[in-house]
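Just below is one structure, and these are the notes that go with it.
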Amino acid sequence: MYRYSEFDTAFLAERNAQFRAQVERRIDGSLTEDEFKPLRLMNGLYLQLHAYMLRVAIPYGTLNSAQMRQLALLAEKWDKGYGHFTTRQNIQYNWPKLNDVPDMLDALAEVGMHAIQTSGNTIRNVTADHFAGAAADEVADPRPYAELLRQWSTDHPEFQFMPRKFKIAITGSENDRAVIKAHDIGLQLVERDGVLGARVIVGGGLGRTPMIGKELSDFVAFDDLLAYLEATVSVWNQIGRRDNKYKARIKITVHEHGIDAIRAKVNERFLQVRPQFKGADMNLLDEIKGHFAAPAFRKASVASFESAYTNDPVFRSWVDTNIAPHKNADHAIVTISIKKHGATPGDATDEQMRVMADLAETFAYDELRISHEQNVILPHVHKSDLPAIHAKLKEHELATANIGLISDIIACPGMDYCALATARSIPVAQEIATRFEDLKLEHDIGHLKIKISGCINACGHHHVGHIGILGLDRAGVENYQITLGGDSTETAAIGDRTGPGFAYDEIVPAVERIVDTYLNQRESAEETFLATYRRVGMAPFKAALYPEAQANAA
Amino acid sequence: MARAFTPKIVTANDLLEGDVIYLTEDDRWSRDLSEAELITDEAHAQVRLLDAERQVSKIVGAYLADAVAGHKGPEPTHFREDFRRTGPSNYAHGKQESSPQPRT
């Protein structure tokens, strides 16, 4: 875990003091809202439909137990007893009062956390593979580099007034769990001839113009990576469009100029920028790496785990669904589902946060992760501790065995909270999860990712859901478009639209017809929804969704 | 031809709490849509919006929203305003904590 230096602490204290004074000046009327809005957004404070919303960064999704307890404290003391984990590894508080926010930020600073650059046209929270440092399949832990990027991008003078926001994701593994191809820049750590570096993907993004990122470079050594990224952002900062916010993201710049032209400009700029990087960043990276040293993994028998696995079917089901392989064979990665059937995806109560913090402290070397899929991870757990962890999770409604299944839904806050939303997302997610729980079908259906956004901005990643749902306002009524075949992994793809949208009360039955079609079409229980869709295409799903159109055409 | 003016209310968010508020005929801010002034004249609507926007140390983001006369005062015509007057649908938070709010 990264520990703040004196510089970090002093920087944050100064920023928080500045914001406290800005809030006071807003409340006493000496700042207008037009003057105050950019200041509050720089500190992660939005005004939503019913209240303010504070978005707190969880850099690369990593937390220790003290930080998780502090998040619980904020929820309890200044909010309504819960927080919402988001697809960008942030936590959002939906009900803070304006004059409490400076105290909330001070409380976050006590544990080395902040809300800086969680909004505005800046480089946002750098996200990472939530299994980083624990996964059996990774080349290296991406988090030291993510922390270097956080320090580089925070308050970077050249990058405070960019054409639009800028999002970076990083993974250390070929198996992409960080959706790197749907980010402005995606980094995949790779090793070449014993040198560690990154493959650089650029110009991915969702929103109204979804694009899969393109390869800018197949390898940039760590020594050069920061200069290369600075060159990339700098090229976009210069030629990215500022005339139209919908054309301003780097994906449009890459699309309009072409990847080869962008690469040439980046290389040219890189040669100018490179001499400014004299190795201080690599010294810093070495120091940061020390903070992320793997814990001393304990050695013990796994007999108690094996016995519980054999004898307790509920435990076995949870292990089969929520546990991933750890790089140490006697350890495991635990994903705690924040998706109990019928609950709001990503919402955890202060009590649940404290329970997870306690479990991390007792059993998981004091580490937690937040995934972009809105779940919480204990990255390092000795297998013999799994039964005790499962028992504790059960007591607090945290033991749902549904990771990667149909009820493990990503949903943005939608029109229940968000000022930009055009329709609700949360109740759609709740009803789909409840419906398939009632049918007792979800384990039979297997791996299936539903992602729901309440507007075209696609915070709910609907384009890359196996089933994507987009809520729109059609003539004053909520209407839901469906896409199929999206993929958020290393084989990333944008889903295809099925056809006309569905009314609010038709969307759950429509999803059910899609799933029935899959179950009828699949060759075996091993063929996943995505594999089946890729094999059979849209036609059978269309036929099930729009029987009238088929009848008319016949 | 210009579109016919449809009745409006002035709505905003409270500066300190962020809660949805409505301008009343007697120049108060109410948390209850049914107490809002329903404005049927376009010129008067613009004046009332200016009246609201001047109150920078009380409110944020005033705008005119469509509404219709109901039997207990103005009612929303669009589901977004219906959510704003009620609160989120996943928890009984916001206005639903203080008073029962209608949801149509």
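Chain labels run A, B, ... following the order of the structure tokens; each chain numbers its residues from 1, and ligands are numbered from 1 in the order shown.
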Next item on the list: With a cut-off of 6 Å and counting only C-alpha atoms, select all residues of chain A in contact with chain B and give the selection as a list of chain:residue names.
Entry: A:Ile27, A:Gly29, A:His50, A:Ala51, A:Tyr52, A:Lys97, A:Leu98, A:Asp416, A:Gly476
Note to self: If you run DSSP on the backbone here, which positions in segment 345-535 of chain A get strand (DSSP E or B)? Please write them as a ChimeraX atom specification.
What the structure shows: /A:347-349,367-370,376-382,410-411,450-453,467-474,477-484,487,493,496-497,502-503
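The residue set within 6 Å of segment 141-158 of chain A, counting only C-alpha atoms and dropping same-chain residues fewer than 5 places from it, reads Ala132, Gly133, Thr171, Gly172, Ile288 and Lys289 of chain A.
Here the question is which of A:Ala423, A:Ala329, A:Ala433, A:Val235 gets nearest to Tyr504 of chain A using only C-alpha atoms, and that residue is A:Ala423.
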Note to self: If we count only C-alpha atoms and set the cut-off at 10 Å, which residues sit around Leu405 of chain A, ignoring sequence neighbours fewer than 5 positions away in its own chain? Please answer as a ChimeraX atom specification.
What the structure shows: /A:321,433,442-450
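Here atom CA of Gln352 of chain A is placed at a distance of 17.6 Å from atom CA of Glu373 of chain A.
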Could you list, as a PDB file with N, CA and C atoms, in the first residue's frame, every residue within 12 Å of Ile507 of chain A, counting only C-alpha atoms and ignoring same-chain residues fewer than 6 positions away?
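Output file part13.pdb is given in full below:
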ATOM      1  N   ARG A 424     -34.129   5.544 -15.503  1.00  0.00           N
ATOM      2  CA  ARG A 424     -33.593   4.849 -14.330  1.00  0.00           C
ATOM      3  C   ARG A 424     -32.790   3.612 -14.734  1.00  0.00           C
ATOM      4  N   SER A 425     -31.776   3.275 -13.956  1.00  0.00           N
ATOM      5  CA  SER A 425     -31.009   2.042 -14.145  1.00  0.00           C
ATOM      6  C   SER A 425     -31.210   1.088 -12.976  1.00  0.00           C
ATOM      7  N   PRO A 427     -33.555   0.357 -10.627  1.00  0.00           N
ATOM      8  CA  PRO A 427     -34.682  -0.579 -10.491  1.00  0.00           C
ATOM      9  C   PRO A 427     -34.689  -1.660 -11.566  1.00  0.00           C
ATOM     10  N   VAL A 428     -34.154  -1.337 -12.748  1.00  0.00           N
ATOM     11  CA  VAL A 428     -34.079  -2.359 -13.811  1.00  0.00           C
ATOM     12  C   VAL A 428     -33.131  -3.476 -13.363  1.00  0.00           C
ATOM     13  N   ALA A 429     -31.974  -3.065 -12.814  1.00  0.00           N
ATOM     14  CA  ALA A 429     -31.010  -4.058 -12.305  1.00  0.00           C
ATOM     15  C   ALA A 429     -31.641  -4.883 -11.186  1.00  0.00           C
ATOM     16  N   GLU A 431     -34.743  -5.562 -10.604  1.00  0.00           N
ATOM     17  CA  GLU A 431     -35.803  -6.470 -11.064  1.00  0.00           C
ATOM     18  C   GLU A 431     -35.247  -7.639 -11.870  1.00  0.00           C
ATOM     19  N   ILE A 432     -34.210  -7.386 -12.663  1.00  0.00           N
ATOM     20  CA  ILE A 432     -33.601  -8.502 -13.411  1.00  0.00           C
ATOM     21  C   ILE A 432     -33.013  -9.513 -12.426  1.00  0.00           C
ATOM     22  N   ARG A 435     -35.789 -11.384 -10.613  1.00  0.00           N
ATOM     23  CA  ARG A 435     -36.508 -12.293 -11.512  1.00  0.00           C
ATOM     24  C   ARG A 435     -35.723 -13.600 -11.709  1.00  0.00           C
ATOM     25  N   ILE A 452     -25.851  -1.789 -17.397  1.00  0.00           N
ATOM     26  CA  ILE A 452     -26.980  -0.879 -17.628  1.00  0.00           C
ATOM     27  C   ILE A 452     -26.550   0.573 -17.417  1.00  0.00           C
ATOM     28  N   ILE A 467     -25.037  -8.466 -22.464  1.00  0.00           N
ATOM     29  CA  ILE A 467     -26.318  -7.806 -22.733  1.00  0.00           C
ATOM     30  C   ILE A 467     -26.166  -6.381 -22.194  1.00  0.00           C
ATOM     31  N   GLY A 468     -26.303  -5.405 -23.072  1.00  0.00           N
ATOM     32  CA  GLY A 468     -26.217  -4.011 -22.648  1.00  0.00           C
ATOM     33  C   GLY A 468     -27.602  -3.384 -22.682  1.00  0.00           C
ATOM     34  N   ILE A 469     -27.876  -2.554 -21.669  1.00  0.00           N
ATOM     35  CA  ILE A 469     -29.176  -1.891 -21.622  1.00  0.00           C
ATOM     36  C   ILE A 469     -28.925  -0.398 -21.467  1.00  0.00           C
ATOM     37  N   LEU A 470     -29.547   0.385 -22.344  1.00  0.00           N
ATOM     38  CA  LEU A 470     -29.387   1.840 -22.318  1.00  0.00           C
ATOM     39  C   LEU A 470     -30.755   2.476 -22.129  1.00  0.00           C
ATOM     40  N   GLY A 471     -30.908   3.226 -21.027  1.00  0.00           N
ATOM     41  CA  GLY A 471     -32.173   3.890 -20.733  1.00  0.00           C
ATOM     42  C   GLY A 471     -32.228   5.262 -21.366  1.00  0.00           C
ATOM     43  N   GLU A 478     -39.751   6.583 -20.271  1.00  0.00           N
ATOM     44  CA  GLU A 478     -38.520   5.789 -20.213  1.00  0.00           C
ATOM     45  C   GLU A 478     -38.568   4.669 -21.242  1.00  0.00           C
ATOM     46  N   ASN A 479     -37.458   4.523 -21.964  1.00  0.00           N
ATOM     47  CA  ASN A 479     -37.382   3.514 -23.014  1.00  0.00           C
ATOM     48  C   ASN A 479     -35.988   2.913 -22.989  1.00  0.00           C
ATOM     49  N   TYR A 480     -35.906   1.595 -23.178  1.00  0.00           N
ATOM     50  CA  TYR A 480     -34.629   0.902 -22.983  1.00  0.00           C
ATOM     51  C   TYR A 480     -34.193   0.181 -24.257  1.00  0.00           C
ATOM     52  N   GLN A 481     -33.024   0.574 -24.760  1.00  0.00           N
ATOM     53  CA  GLN A 481     -32.443  -0.090 -25.921  1.00  0.00           C
ATOM     54  C   GLN A 481     -31.552  -1.229 -25.447  1.00  0.00           C
ATOM     55  N   ILE A 482     -31.505  -2.288 -26.222  1.00  0.00           N
ATOM     56  CA  ILE A 482     -30.688  -3.451 -25.862  1.00  0.00           C
ATOM     57  C   ILE A 482     -29.594  -3.650 -26.903  1.00  0.00           C
ATOM     58  N   PRO A 500     -35.696  -1.747 -32.031  1.00  0.00           N
ATOM     59  CA  PRO A 500     -36.403  -0.746 -31.227  1.00  0.00           C
ATOM     60  C   PRO A 500     -36.320  -1.056 -29.728  1.00  0.00           C
ATOM     61  N   GLY A 501     -36.418  -0.013 -28.920  1.00  0.00           N
ATOM     62  CA  GLY A 501     -36.311  -0.156 -27.473  1.00  0.00           C
ATOM     63  C   GLY A 501     -37.585  -0.697 -26.836  1.00  0.00           C
ATOM     64  N   ARG A 513     -36.509 -13.188 -22.500  1.00  0.00           N
ATOM     65  CA  ARG A 513     -36.609 -13.833 -23.825  1.00  0.00           C
ATOM     66  C   ARG A 513     -35.221 -14.036 -24.437  1.00  0.00           C
ATOM     67  N   ILE A 514     -34.327 -13.066 -24.199  1.00  0.00           N
ATOM     68  CA  ILE A 514     -32.954 -13.206 -24.711  1.00  0.00           C
ATOM     69  C   ILE A 514     -32.276 -14.413 -24.059  1.00  0.00           C
ATOM     70  N   LEU A 545     -37.306 -11.367 -29.706  1.00  0.00           N
ATOM     71  CA  LEU A 545     -37.637 -10.058 -29.155  1.00  0.00           C
ATOM     72  C   LEU A 545     -38.755  -9.366 -29.922  1.00  0.00           C
TER      73      LEU A 545
END
